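What follows is the content of coords-v4.csv, which has CSV, C-alpha atoms and all ligand atoms:
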```
chain,number,residue,atom,x,y,z
A,1,MET,CA,-82.1,-52.6,33.6
A,2,ILE,CA,-80.8,-54.9,30.9
A,3,THR,CA,-78.8,-58.0,31.7
A,4,ILE,CA,-77.1,-60.1,29.1
A,5,GLU,CA,-75.8,-63.5,30.2
A,6,HIS,CA,-73.7,-66.0,28.2
A,7,LEU,CA,-75.2,-64.7,24.9
A,8,SER,CA,-74.0,-66.5,21.8
A,9,LYS,CA,-75.0,-66.3,18.1
A,10,VAL,CA,-73.9,-68.8,15.5
A,11,TYR,CA,-74.6,-68.6,11.8
A,12,GLY,CA,-73.9,-72.0,10.2
A,13,ASN,CA,-70.3,-72.7,11.3
A,14,LEU,CA,-69.5,-69.0,12.0
A,15,THR,CA,-69.6,-68.1,15.7
A,16,VAL,CA,-70.3,-64.4,15.7
A,17,LEU,CA,-71.0,-63.9,19.4
A,18,LYS,CA,-69.2,-66.2,21.8
A,19,ASP,CA,-70.1,-65.4,25.3
A,20,ILE,CA,-71.4,-61.9,25.9
A,21,ASN,CA,-72.0,-60.9,29.5
A,22,ALA,CA,-73.1,-57.3,30.3
A,23,GLU,CA,-75.4,-55.1,32.2
A,24,ILE,CA,-76.8,-51.8,31.1
A,25,ARG,CA,-78.1,-49.7,33.9
A,26,LYS,CA,-80.9,-47.2,33.8
A,27,GLY,CA,-79.7,-43.7,32.6
A,28,GLU,CA,-76.4,-45.2,31.4
A,29,VAL,CA,-74.9,-44.4,28.0
A,30,VAL,CA,-72.8,-47.3,26.8
A,31,SER,CA,-70.7,-47.0,23.6
A,32,ILE,CA,-69.7,-50.1,21.7
A,33,ILE,CA,-66.6,-49.9,19.7
A,34,GLY,CA,-64.3,-52.4,17.9
A,35,PRO,CA,-63.2,-53.6,14.5
A,36,SER,CA,-65.8,-54.3,11.9
A,37,GLY,CA,-67.1,-57.9,11.7
A,38,THR,CA,-66.8,-58.5,15.4
A,39,GLY,CA,-70.5,-58.8,16.1
A,40,LYS,CA,-71.5,-55.3,17.3
A,41,SER,CA,-74.6,-55.1,15.0
A,42,THR,CA,-75.5,-58.7,15.8
A,43,LEU,CA,-75.4,-57.9,19.5
A,44,LEU,CA,-77.8,-55.0,19.1
A,45,ARG,CA,-80.0,-57.1,16.7
A,46,CYS,CA,-80.2,-59.8,19.3
A,47,LEU,CA,-81.2,-57.3,22.0
A,48,ASN,CA,-83.9,-55.9,19.7
A,49,LEU,CA,-85.0,-59.5,18.8
A,50,LEU,CA,-84.3,-59.0,15.2
A,51,GLU,CA,-82.1,-62.1,15.6
A,52,GLN,CA,-82.7,-65.1,17.7
A,53,PRO,CA,-79.6,-65.7,19.9
A,54,THR,CA,-78.3,-69.3,19.7
A,55,SER,CA,-78.0,-69.5,23.5
A,56,GLY,CA,-77.9,-67.3,26.6
A,57,ALA,CA,-80.3,-65.0,28.3
A,58,ILE,CA,-81.5,-61.4,28.0
A,59,THR,CA,-83.6,-59.8,30.6
A,60,ILE,CA,-85.1,-56.3,30.8
A,61,ASP,CA,-86.2,-55.4,34.3
A,62,GLY,CA,-86.2,-59.0,35.2
A,63,ILE,CA,-88.4,-60.1,32.3
A,64,ASP,CA,-86.9,-62.8,30.2
A,65,VAL,CA,-87.3,-61.5,26.6
A,66,LEU,CA,-86.3,-64.8,25.0
A,67,ALA,CA,-89.0,-66.8,26.7
A,68,PRO,CA,-91.4,-68.5,24.4
A,69,GLY,CA,-94.5,-66.4,24.1
A,70,ALA,CA,-92.7,-63.1,25.0
A,71,ASP,CA,-94.5,-60.1,23.7
A,72,VAL,CA,-92.0,-59.1,20.9
A,73,PRO,CA,-93.6,-55.9,19.8
A,74,ALA,CA,-93.8,-54.6,23.4
A,75,ILE,CA,-90.1,-55.5,24.0
A,76,ARG,CA,-89.1,-53.8,20.8
A,77,GLN,CA,-90.9,-50.7,21.8
A,78,ARG,CA,-89.1,-50.7,25.2
A,79,MET,CA,-85.7,-51.3,23.4
A,80,ASN,CA,-86.2,-49.3,20.2
A,81,MET,CA,-83.5,-49.2,17.6
A,82,VAL,CA,-82.1,-46.5,15.2
A,83,PHE,CA,-80.3,-47.9,12.1
A,84,GLN,CA,-77.4,-46.7,10.0
A,85,SER,CA,-79.7,-46.4,7.0
A,86,PHE,CA,-82.6,-44.5,8.7
A,87,ASN,CA,-85.3,-47.0,7.4
A,88,LEU,CA,-87.9,-44.2,7.1
A,89,PHE,CA,-91.2,-45.0,5.2
A,90,ALA,CA,-90.6,-43.2,1.9
A,91,HIS,CA,-94.3,-42.9,1.1
A,92,LEU,CA,-95.3,-41.3,4.4
A,93,SER,CA,-94.7,-37.7,5.4
A,94,VAL,CA,-92.3,-37.0,8.2
A,95,LEU,CA,-95.2,-36.5,10.6
A,96,GLU,CA,-96.8,-39.8,9.5
A,97,ASN,CA,-93.5,-41.6,10.0
A,98,LEU,CA,-93.7,-40.6,13.6
A,99,THR,CA,-97.4,-41.2,14.3
A,100,LEU,CA,-97.9,-44.6,12.5
A,101,ALA,CA,-96.5,-46.9,15.2
A,102,PRO,CA,-97.9,-45.1,18.2
A,103,ILE,CA,-101.4,-45.1,16.6
A,104,LYS,CA,-101.2,-48.8,15.5
A,105,LEU,CA,-99.3,-50.3,18.3
A,106,LYS,CA,-100.1,-48.2,21.3
A,107,GLY,CA,-103.6,-47.4,20.3
A,108,ILE,CA,-103.4,-43.6,21.0
A,109,SER,CA,-105.6,-41.2,19.1
A,110,GLN,CA,-104.3,-39.5,15.9
A,111,ALA,CA,-104.6,-36.0,17.5
A,112,GLU,CA,-102.6,-37.0,20.5
A,113,ALA,CA,-100.0,-38.8,18.3
A,114,GLU,CA,-99.6,-35.7,16.2
A,115,THR,CA,-99.2,-33.3,19.1
A,116,LYS,CA,-96.5,-35.5,20.5
A,117,ALA,CA,-94.9,-36.0,17.1
A,118,MET,CA,-94.7,-32.2,16.6
A,119,ASP,CA,-93.0,-31.9,20.0
A,120,LEU,CA,-90.5,-34.5,19.1
A,121,LEU,CA,-89.8,-33.0,15.7
A,122,ARG,CA,-89.1,-29.7,17.4
A,123,LEU,CA,-86.8,-31.4,19.9
A,124,VAL,CA,-84.7,-32.7,17.0
A,125,GLY,CA,-84.9,-29.3,15.2
A,126,LEU,CA,-87.2,-30.4,12.4
A,127,GLY,CA,-90.6,-28.9,13.3
A,128,GLU,CA,-90.8,-27.1,10.0
A,129,LYS,CA,-90.3,-30.4,8.0
A,130,ALA,CA,-93.4,-32.2,9.4
A,131,HIS,CA,-95.3,-32.2,6.1
A,132,GLN,CA,-92.4,-33.0,3.8
A,133,PHE,CA,-91.4,-36.4,2.6
A,134,PRO,CA,-88.2,-38.2,3.6
A,135,ASP,CA,-86.6,-37.9,0.2
A,136,GLU,CA,-86.8,-34.1,0.5
A,137,LEU,CA,-84.5,-34.2,3.5
A,138,SER,CA,-80.8,-34.4,3.8
A,139,GLY,CA,-79.2,-37.5,5.4
A,140,GLY,CA,-78.6,-35.7,8.7
A,141,GLN,CA,-82.3,-34.6,8.8
A,142,LYS,CA,-83.5,-38.1,7.9
A,143,GLN,CA,-81.5,-39.6,10.7
A,144,ARG,CA,-82.9,-37.0,13.2
A,145,VAL,CA,-86.4,-37.9,12.0
A,146,ALA,CA,-85.6,-41.6,12.6
A,147,ILE,CA,-84.5,-40.7,16.2
A,148,ALA,CA,-87.7,-38.7,16.7
A,149,ARG,CA,-89.7,-41.7,15.4
A,150,CYS,CA,-87.9,-43.9,17.8
A,151,LEU,CA,-88.7,-41.5,20.7
A,152,ALA,CA,-92.4,-41.5,19.7
A,153,MET,CA,-92.6,-45.0,21.1
A,154,ASP,CA,-91.4,-43.9,24.5
A,155,PRO,CA,-88.6,-46.4,24.6
A,156,GLU,CA,-86.8,-47.1,27.9
A,157,ILE,CA,-83.5,-47.7,26.0
A,158,ILE,CA,-82.4,-46.7,22.5
A,159,LEU,CA,-80.0,-48.9,20.6
A,160,PHE,CA,-78.1,-47.0,17.9
A,161,ASP,CA,-76.2,-49.0,15.3
A,162,GLU,CA,-73.6,-46.6,13.7
A,163,PRO,CA,-76.1,-43.8,13.4
A,164,THR,CA,-73.7,-41.5,11.5
A,165,SER,CA,-71.8,-43.8,9.3
A,166,ALA,CA,-74.1,-43.3,6.2
A,167,LEU,CA,-73.8,-39.6,6.5
A,168,ASP,CA,-71.7,-37.0,4.8
A,169,PRO,CA,-69.1,-35.6,7.2
A,170,THR,CA,-70.8,-32.3,7.3
A,171,MET,CA,-74.0,-33.8,8.7
A,172,ILE,CA,-72.5,-36.0,11.4
A,173,SER,CA,-72.4,-33.4,14.1
A,174,GLU,CA,-76.1,-32.4,13.8
A,175,VAL,CA,-77.0,-36.0,14.5
A,176,LEU,CA,-74.5,-36.4,17.3
A,177,ALA,CA,-75.8,-33.2,18.9
A,178,VAL,CA,-79.3,-34.7,19.2
A,179,ILE,CA,-77.9,-37.9,20.7
A,180,ARG,CA,-75.8,-35.8,23.2
A,181,ARG,CA,-79.0,-34.0,24.2
A,182,LEU,CA,-80.8,-37.2,24.9
A,183,ALA,CA,-77.8,-38.3,27.0
A,184,SER,CA,-77.9,-35.2,29.0
A,185,GLU,CA,-81.6,-35.7,29.6
A,186,GLY,CA,-80.9,-39.1,31.1
A,187,MET,CA,-81.9,-41.4,28.2
A,188,THR,CA,-80.5,-44.9,28.5
A,189,MET,CA,-78.6,-45.7,25.3
A,190,ALA,CA,-76.3,-48.3,23.7
A,191,ILE,CA,-74.5,-46.8,20.8
A,192,VAL,CA,-72.3,-48.6,18.3
A,193,THR,CA,-70.1,-45.9,16.8
A,194,HIS,CA,-66.8,-45.1,15.1
A,195,GLU,CA,-66.9,-41.5,16.4
A,196,MET,CA,-64.4,-41.9,19.1
A,197,ASP,CA,-64.4,-38.3,20.4
A,198,PHE,CA,-68.1,-38.5,20.7
A,199,ALA,CA,-68.0,-41.9,22.4
A,200,ARG,CA,-65.4,-40.6,24.8
A,201,ASP,CA,-67.5,-37.7,26.0
A,202,VAL,CA,-71.0,-39.0,25.8
A,203,SER,CA,-70.5,-42.4,27.5
A,204,ASN,CA,-70.5,-43.6,31.0
A,205,ARG,CA,-68.9,-46.9,29.9
A,206,VAL,CA,-67.3,-48.2,26.7
A,207,PHE,CA,-67.4,-51.8,25.5
A,208,TYR,CA,-64.6,-52.8,23.3
A,209,MET,CA,-65.7,-55.8,21.2
A,210,ASP,CA,-63.4,-58.2,19.5
A,211,GLU,CA,-63.7,-61.8,18.4
A,212,GLY,CA,-67.4,-62.0,19.5
A,213,LEU,CA,-66.6,-61.0,23.0
A,214,ILE,CA,-66.7,-57.8,25.1
A,215,TYR,CA,-62.9,-58.0,25.2
A,216,GLU,CA,-62.6,-55.0,27.5
A,217,GLU,CA,-65.0,-52.7,29.2
A,218,GLY,CA,-64.4,-49.6,31.3
A,219,PRO,CA,-64.9,-45.9,31.6
A,220,PRO,CA,-63.9,-43.9,28.5
A,221,ALA,CA,-60.7,-42.7,30.2
A,222,GLN,CA,-59.6,-46.3,30.6
A,223,ILE,CA,-60.5,-47.5,27.2
A,224,PHE,CA,-59.2,-44.5,25.3
A,225,ASP,CA,-56.2,-43.4,27.4
A,226,ASN,CA,-55.1,-46.4,29.3
A,227,PRO,CA,-56.5,-49.6,27.8
A,228,GLN,CA,-55.6,-52.7,29.9
A,229,ARG,CA,-55.5,-55.4,27.3
A,230,GLU,CA,-53.4,-55.9,24.2
A,231,LYS,CA,-56.1,-55.9,21.5
A,232,THR,CA,-57.8,-52.8,22.9
A,233,ARG,CA,-54.4,-51.1,22.9
A,234,ALA,CA,-53.7,-52.1,19.3
A,235,PHE,CA,-57.1,-50.9,18.2
A,236,ILE,CA,-56.9,-47.5,19.9
A,237,GLN,CA,-53.4,-47.1,18.5
A,238,ARG,CA,-54.6,-47.9,15.0
A,239,ILE,CA,-57.6,-45.5,15.0
A,240,ARG,CA,-55.4,-42.7,16.4
A,241,SER,CA,-52.8,-42.9,13.6
A,242,TYR,CA,-52.8,-42.1,9.9
A,243,ARG,CA,-51.2,-44.6,7.6
A,244,CYS,CA,-50.3,-44.6,3.9
A,245,SER,CA,-48.2,-46.9,1.9
A,246,VAL,CA,-46.4,-46.4,-1.4
A,247,ASN,CA,-45.0,-49.0,-3.7
A,248,SER,CA,-44.4,-47.2,-7.0
A,249,PRO,CA,-42.6,-44.0,-7.9
A,250,ASP,CA,-46.0,-42.7,-9.2
A,251,PHE,CA,-47.6,-42.6,-5.7
A,252,ASP,CA,-50.5,-40.2,-5.2
A,253,LEU,CA,-49.1,-37.3,-3.2
A,254,TYR,CA,-52.4,-35.4,-3.2
A,255,ALA,CA,-54.2,-38.3,-1.5
A,256,ILE,CA,-51.4,-38.4,1.1
A,257,HIS,CA,-51.6,-34.7,1.7
A,258,GLY,CA,-55.4,-35.0,2.0
A,259,GLY,CA,-55.1,-37.9,4.5
A,260,ILE,CA,-52.7,-35.8,6.6
A,261,ASP,CA,-55.2,-32.9,6.5
A,262,THR,CA,-58.1,-35.1,7.7
A,263,PHE,CA,-56.0,-36.6,10.4
A,264,CYS,CA,-54.8,-33.2,11.7
A,265,GLU,CA,-58.3,-31.7,11.6
A,266,LYS,CA,-59.6,-34.7,13.6
A,267,HIS,CA,-56.9,-34.2,16.3
A,268,VAL,CA,-56.9,-30.4,16.1
A,269,ILE,CA,-53.2,-30.3,15.3
A,270,PRO,CA,-51.9,-26.8,14.7
A,271,ARG,CA,-51.7,-25.6,11.1
A,272,GLN,CA,-48.0,-25.2,11.1
A,273,THR,CA,-47.5,-28.7,12.4
A,274,ARG,CA,-49.8,-30.0,9.7
A,275,HIS,CA,-47.8,-28.1,7.1
A,276,ASP,CA,-44.5,-29.5,8.5
A,277,LEU,CA,-45.9,-33.0,8.5
A,278,GLN,CA,-46.9,-32.7,4.8
A,279,LEU,CA,-43.5,-31.4,4.0
A,280,LEU,CA,-41.9,-34.3,5.9
A,281,ALA,CA,-44.0,-36.9,4.0
A,282,GLU,CA,-43.2,-35.2,0.7
A,283,GLU,CA,-39.4,-35.0,1.2
A,284,PHE,CA,-39.2,-38.4,2.7
A,285,LEU,CA,-41.1,-39.9,-0.3
A,286,GLN,CA,-38.9,-37.9,-2.6
A,287,LEU,CA,-35.8,-39.5,-1.1
A,288,ILE,CA,-37.0,-43.0,-1.6
A,289,ARG,CA,-38.9,-42.4,-4.8
A,290,SER,CA,-36.2,-43.7,-7.2
A,291,SER,CA,-36.0,-46.9,-5.2
A,292,LEU,CA,-39.7,-47.6,-5.3
A,293,HIS,CA,-39.8,-50.3,-8.0
A,294,ALA,CA,-41.4,-53.7,-7.9
A,295,ASP,CA,-39.7,-55.1,-4.8
A,296,ALA,CA,-39.5,-51.9,-2.6
A,297,SER,CA,-42.3,-50.3,-0.7
A,298,ALA,CA,-42.7,-48.1,2.3
A,299,ALA,CA,-45.5,-47.5,4.7
A,300,LEU,CA,-45.8,-44.3,6.8
A,301,THR,CA,-47.6,-44.2,10.1
A,302,VAL,CA,-48.3,-40.8,11.7
A,303,ASP,CA,-49.0,-40.8,15.4
A,304,TYR,CA,-50.1,-37.9,17.6
A,305,SER,CA,-49.7,-38.0,21.4
A,306,GLU,CA,-52.5,-35.9,22.9
A,307,ALA,CA,-50.6,-35.8,26.2
A,308,SER,CA,-47.3,-34.4,24.9
A,309,GLY,CA,-48.5,-32.9,21.6
A,310,ALA,CA,-45.7,-34.8,19.9
A,311,VAL,CA,-46.1,-36.0,16.4
A,312,THR,CA,-44.0,-39.0,15.2
A,313,VAL,CA,-43.8,-40.6,11.8
A,314,GLN,CA,-42.7,-44.2,11.5
A,315,ALA,CA,-41.5,-45.4,8.1
A,316,ASP,CA,-41.5,-49.1,7.5
A,317,ILE,CA,-39.3,-49.7,4.5
A,318,GLU,CA,-39.2,-52.9,2.5
A,319,GLY,CA,-36.3,-53.6,0.2
A,320,SER,CA,-32.6,-52.8,0.6
A,321,LEU,CA,-32.8,-49.1,0.8
A,322,GLY,CA,-30.8,-48.5,4.0
A,323,ASN,CA,-31.5,-45.4,6.0
A,324,PRO,CA,-32.8,-42.8,3.6
A,325,LEU,CA,-31.6,-40.0,5.9
A,326,GLU,CA,-28.0,-41.2,5.6
A,327,GLY,CA,-27.8,-42.0,1.9
A,328,ALA,CA,-24.7,-40.8,0.0
A,329,GLY,CA,-26.3,-39.5,-3.2
A,330,GLU,CA,-25.4,-35.8,-3.8
A,331,GLU,CA,-28.6,-35.1,-5.7
A,332,ASP,CA,-30.7,-36.0,-2.5
A,333,GLU,CA,-28.6,-33.8,-0.2
A,334,LEU,CA,-31.2,-31.0,-0.2
A,335,SER,CA,-34.1,-33.3,0.6
A,336,ARG,CA,-32.1,-34.9,3.4
A,337,MET,CA,-31.3,-31.4,4.8
A,338,LEU,CA,-34.8,-30.2,4.6
A,339,LEU,CA,-36.1,-33.4,6.2
A,340,LYS,CA,-33.6,-33.3,9.1
A,341,ASN,CA,-34.5,-29.7,9.8
A,342,LEU,CA,-38.1,-30.8,10.4
A,343,LEU,CA,-37.0,-33.3,13.0
A,344,THR,CA,-35.9,-33.2,16.6
A,345,GLY,CA,-34.4,-36.7,16.1
A,346,PHE,CA,-34.6,-40.0,14.4
A,347,GLU,CA,-33.8,-43.6,15.0
A,348,TYR,CA,-33.1,-46.2,12.4
A,349,SER,CA,-33.1,-50.0,12.9
A,350,VAL,CA,-33.5,-53.1,10.8
A,351,ARG,CA,-36.1,-55.7,11.9
A,352,ASP,CA,-36.8,-58.8,10.0
A,353,GLY,CA,-35.1,-57.4,7.0
A,354,ARG,CA,-37.2,-54.3,7.0
A,355,GLY,CA,-35.9,-50.8,7.7
A,356,GLN,CA,-37.7,-49.0,10.5
A,357,LEU,CA,-37.1,-45.2,10.6
A,358,LEU,CA,-38.8,-43.3,13.5
A,359,MET,CA,-38.9,-39.6,12.9
A,360,LYS,CA,-39.9,-37.1,15.6
A,361,LEU,CA,-41.4,-34.0,14.2
A,362,ARG,CA,-40.0,-30.7,15.6
A,363,SER,CA,-42.8,-28.9,17.4
A,364,SER,CA,-43.7,-25.6,16.0
B,401,LIG,P1,-70.0,-55.6,13.1
B,401,LIG,O1,-71.3,-54.9,13.3
B,401,LIG,O2,-69.2,-55.6,14.4
B,401,LIG,O3,-69.3,-55.1,12.0
B,401,LIG,P2,-71.7,-57.8,12.5
B,401,LIG,O4,-72.5,-58.1,13.7
B,401,LIG,O5,-72.4,-57.1,11.4
B,401,LIG,O6,-70.4,-57.1,12.8
B,401,LIG,O7,-71.2,-59.2,11.8
B,401,LIG,C1,-70.4,-60.1,12.5
B,401,LIG,C2,-70.1,-61.3,11.6
B,401,LIG,O8,-71.3,-62.0,11.4
B,401,LIG,C3,-69.6,-60.9,10.2
B,401,LIG,O9,-68.6,-61.8,9.9
B,401,LIG,C4,-70.8,-61.1,9.4
B,401,LIG,O10,-70.5,-61.5,8.1
B,401,LIG,C5,-71.6,-62.2,10.1
B,401,LIG,N1,-73.1,-62.1,9.9
B,401,LIG,C6,-73.9,-61.1,10.2
B,401,LIG,N2,-75.1,-61.4,9.9
B,401,LIG,C7,-75.2,-62.6,9.3
B,401,LIG,C8,-76.2,-63.4,8.8
B,401,LIG,N3,-77.5,-63.0,8.8
B,401,LIG,N4,-75.8,-64.6,8.3
B,401,LIG,C9,-74.5,-65.0,8.3
B,401,LIG,N5,-73.5,-64.3,8.8
B,401,LIG,C10,-73.8,-63.1,9.3
B,402,MG,MG,-72.2,-53.3,12.2
```
Could you quickly redo this structure as structure tokens?
Amino acid sequence: MITIEHLSKVYGNLTVLKDINAEIRKGEVVSIIGPSGTGKSTLLRCLNLLEQPTSGAITIDGIDVLAPGADVPAIRQRMNMVFQSFNLFAHLSVLENLTLAPIKLKGISQAEAETKAMDLLRLVGLGEKAHQFPDELSGGQKQRVAIARCLAMDPEIILFDEPTSALDPTMISEVLAVIRRLASEGMTMAIVTHEMDFARDVSNRVFYMDEGLIYEEGPPAQIFDNPQREKTRAFIQRIRSYRCSVNSPDFDLYAIHGGIDTFCEKHVIPRQTRHDLQLLAEEFLQLIRSSLHADASAALTVDYSEASGAVTVQADIEGSLGNPLEGAGEEDELSRMLLKNLLTGFEYSVRDGRGQLLMKLRSS
């Protein structure tokens, strides 16, 4: 349905898109993931003709959309976009937000546009909000109106640019539920997202973008469980783990506990394991606390293996601390004992002058 060939985009001397080649087939849901600043938004904006690509070709059903004289409004209607920041018209009611473009651009009657708009509002769960104004709605509701407005133009493909990243966590799922429903009804979609669980189960294919390229593409099982290339692996590893670092004895333990909570909730890690993990972090940091002055610091990385259920904590310690689990100080004996009791094992090594302590949490 859509073919992208050798697409590039250069701003001044910054090459944002290098050589993008891709195909999106009818009925397919493609998720686009990757670090920020790698050109994901730019790619969608090029597809939607909000940016003029520097070189390359984009065709939709064989029509060259970059050709001089191409009908830009018609192309935008076929490839309609939903933005992170909703972009609703604040001075129009919800219903008018939906009917404006169909009446103006497609020339359909007001009555017909309103009937259709009401159907779409009901589809996204907002039938009763038709006569309210955008600023009377929550973020999640605004984004659902934006999706309904997009659908009102009968697009053949919807481009979503991080549709949930401006939302409070409590409102993310209501928006994802609407997108899931569209997917199940066969809508063709390209979705830039940071919601990895969602990307995994809604997509047919995942594009991992890095350095202005589609660095790796494949089915979700490949990209998330068995990435083939180094940068994809590093990215997936990074988003799966929780990290914190401390460099003063006055570190913020509440923030660390909170971070572990969020991480465990995301991965549905059992409550007891979460508790043990927090205790581990607390006792470990207690052990090294007195050494945390100007030139010593430590970073903890918590990893969870979905396959085995194992939780590991890697401590990366800068400064001449030695292995905190084998210190000699009497006063720390209790902490060391508590900590060792939480572990099935640990390994300590020194690499490039940094101590590396890998701790395996006992499963509960
Ligand atoms: P992503 O969506 O993956 O985070 P973007 O496509 O937004 O990445 O941006 C990629 C790079 O292009 C960034 O370095 C950004 O600063 C740059 N960029 C985006 N838009 C413009 C612009 N209009 N002018 C100059 N640089 C831009
Ligand atoms: Mg972006």
query = Which residues, written as a PyMOL selection string, have at least one atom at most 10 Å from Asn97 of chain A, with all atoms listed in the file counted and residues fewer than 6 positions away on the same chain left out?
reply = chain A and resi 88-91+117+130+133-134+145-146+148-150+152
message = Nearest residue to Ile60 of chain A out of A:Met171, A:Met337, A:Val29, A:Ile157, using only C-alpha atoms?
response = A:Ile157
Per-residue nearest contacts of chain A to ligand LIG 401 (chain B) (8 Å; only C-alpha atoms and all ligand atoms) as CSV:
```
residue,atom,partner,partner_atom,distance
A:Tyr11,CA,B:LIG401,C9,5.0
A:Gly12,CA,B:LIG401,C9,7.3
A:Leu14,CA,B:LIG401,N5,7.0
A:Thr15,CA,B:LIG401,O8,7.7
A:Val16,CA,B:LIG401,O8,5.0
A:Leu17,CA,B:LIG401,C1,7.9
A:Gly34,CA,B:LIG401,O2,6.8
A:Pro35,CA,B:LIG401,O2,6.3
A:Ser36,CA,B:LIG401,O3,3.6
A:Gly37,CA,B:LIG401,O6,3.6
A:Thr38,CA,B:LIG401,O2,3.9
A:Gly39,CA,B:LIG401,O4,3.2
A:Lys40,CA,B:LIG401,O2,3.7
A:Ser41,CA,B:LIG401,O1,3.7
A:Thr42,CA,B:LIG401,O4,3.7
A:Leu43,CA,B:LIG401,O4,6.5
A:Asp161,CA,B:LIG401,O1,7.9
A:Met209,CA,B:LIG401,O2,7.7
A:Gly212,CA,B:LIG401,C1,7.8
```
Given only C-alpha atoms and all ligand atoms as the counted atoms, nearest of A:Asp19, A:Glu333, A:Asp168, A:Glu162 to ligand MG 402 (chain B) = A:Glu162
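Considering the residues A:Gly56, A:Gly259, A:Pro163, A:Pro220 and counting all atoms listed in the file, ligand MG 402 (chain B) has its shortest atom-to-atom contact with A:Pro163.
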request  = For segment 262-270 of chain A, list every protein, DNA or RNA residue within 8 Å, evaluated using all atoms listed in the file, and leave out those in the same chain fewer than 6 positions away; present the list as a PyMOL selection string.
outcome  = chain A and resi 241-242+304
query = Any idea what the distance is between atom CA of Arg238 of chain A and atom CA of Asp201 of chain A?
reply =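 It comes out at 19.8 Å.
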Taking N, CA, C and O atoms as the atom set, what does segment 189-201 of chain A look like once completed, written as a PDB file, in the coordinates of the input?
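Below is the file that was written, out-v6.pdb:
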```pdb
ATOM      1  N   MET A 189     -78.940 -45.458  26.710  1.00  0.00           N
ATOM      2  CA  MET A 189     -78.600 -45.700  25.300  1.00  0.00           C
ATOM      3  C   MET A 189     -77.420 -46.666  25.177  1.00  0.00           C
ATOM      4  O   MET A 189     -76.503 -46.631  25.991  1.00  0.00           O
ATOM      5  N   ALA A 190     -77.476 -47.487  24.125  1.00  0.00           N
ATOM      6  CA  ALA A 190     -76.300 -48.300  23.700  1.00  0.00           C
ATOM      7  C   ALA A 190     -75.995 -47.871  22.299  1.00  0.00           C
ATOM      8  O   ALA A 190     -76.866 -47.936  21.434  1.00  0.00           O
ATOM      9  N   ILE A 191     -74.783 -47.410  22.067  1.00  0.00           N
ATOM     10  CA  ILE A 191     -74.500 -46.800  20.800  1.00  0.00           C
ATOM     11  C   ILE A 191     -73.228 -47.459  20.157  1.00  0.00           C
ATOM     12  O   ILE A 191     -72.130 -47.378  20.708  1.00  0.00           O
ATOM     13  N   VAL A 192     -73.449 -48.123  19.027  1.00  0.00           N
ATOM     14  CA  VAL A 192     -72.300 -48.600  18.300  1.00  0.00           C
ATOM     15  C   VAL A 192     -71.820 -47.455  17.411  1.00  0.00           C
ATOM     16  O   VAL A 192     -72.606 -46.870  16.660  1.00  0.00           O
ATOM     17  N   THR A 193     -70.563 -47.078  17.558  1.00  0.00           N
ATOM     18  CA  THR A 193     -70.100 -45.900  16.800  1.00  0.00           C
ATOM     19  C   THR A 193     -68.608 -45.990  16.479  1.00  0.00           C
ATOM     20  O   THR A 193     -67.847 -46.697  17.140  1.00  0.00           O
ATOM     21  N   HIS A 194     -68.243 -45.264  15.420  1.00  0.00           N
ATOM     22  CA  HIS A 194     -66.800 -45.100  15.100  1.00  0.00           C
ATOM     23  C   HIS A 194     -66.364 -43.693  15.450  1.00  0.00           C
ATOM     24  O   HIS A 194     -65.221 -43.332  15.190  1.00  0.00           O
ATOM     25  N   GLU A 195     -67.285 -42.893  15.998  1.00  0.00           N
ATOM     26  CA  GLU A 195     -66.900 -41.500  16.400  1.00  0.00           C
ATOM     27  C   GLU A 195     -66.332 -41.532  17.750  1.00  0.00           C
ATOM     28  O   GLU A 195     -67.041 -41.472  18.757  1.00  0.00           O
ATOM     29  N   MET A 196     -65.014 -41.626  17.814  1.00  0.00           N
ATOM     30  CA  MET A 196     -64.400 -41.900  19.100  1.00  0.00           C
ATOM     31  C   MET A 196     -64.434 -40.694  20.061  1.00  0.00           C
ATOM     32  O   MET A 196     -64.592 -40.885  21.259  1.00  0.00           O
ATOM     33  N   ASP A 197     -64.311 -39.465  19.532  1.00  0.00           N
ATOM     34  CA  ASP A 197     -64.400 -38.300  20.400  1.00  0.00           C
ATOM     35  C   ASP A 197     -65.771 -38.231  21.071  1.00  0.00           C
ATOM     36  O   ASP A 197     -65.925 -37.958  22.258  1.00  0.00           O
ATOM     37  N   PHE A 198     -66.766 -38.507  20.235  1.00  0.00           N
ATOM     38  CA  PHE A 198     -68.100 -38.500  20.700  1.00  0.00           C
ATOM     39  C   PHE A 198     -68.310 -39.616  21.777  1.00  0.00           C
ATOM     40  O   PHE A 198     -68.831 -39.358  22.865  1.00  0.00           O
ATOM     41  N   ALA A 199     -67.840 -40.811  21.460  1.00  0.00           N
ATOM     42  CA  ALA A 199     -68.000 -41.900  22.400  1.00  0.00           C
ATOM     43  C   ALA A 199     -67.307 -41.567  23.728  1.00  0.00           C
ATOM     44  O   ALA A 199     -67.831 -41.839  24.802  1.00  0.00           O
ATOM     45  N   ARG A 200     -66.148 -40.927  23.624  1.00  0.00           N
ATOM     46  CA  ARG A 200     -65.400 -40.600  24.800  1.00  0.00           C
ATOM     47  C   ARG A 200     -66.231 -39.628  25.712  1.00  0.00           C
ATOM     48  O   ARG A 200     -66.340 -39.811  26.902  1.00  0.00           O
ATOM     49  N   ASP A 201     -66.851 -38.594  25.115  1.00  0.00           N
ATOM     50  CA  ASP A 201     -67.500 -37.700  26.000  1.00  0.00           C
ATOM     51  C   ASP A 201     -68.973 -37.895  26.303  1.00  0.00           C
ATOM     52  O   ASP A 201     -69.509 -37.320  27.227  1.00  0.00           O
TER      53      ASP A 201
END
```
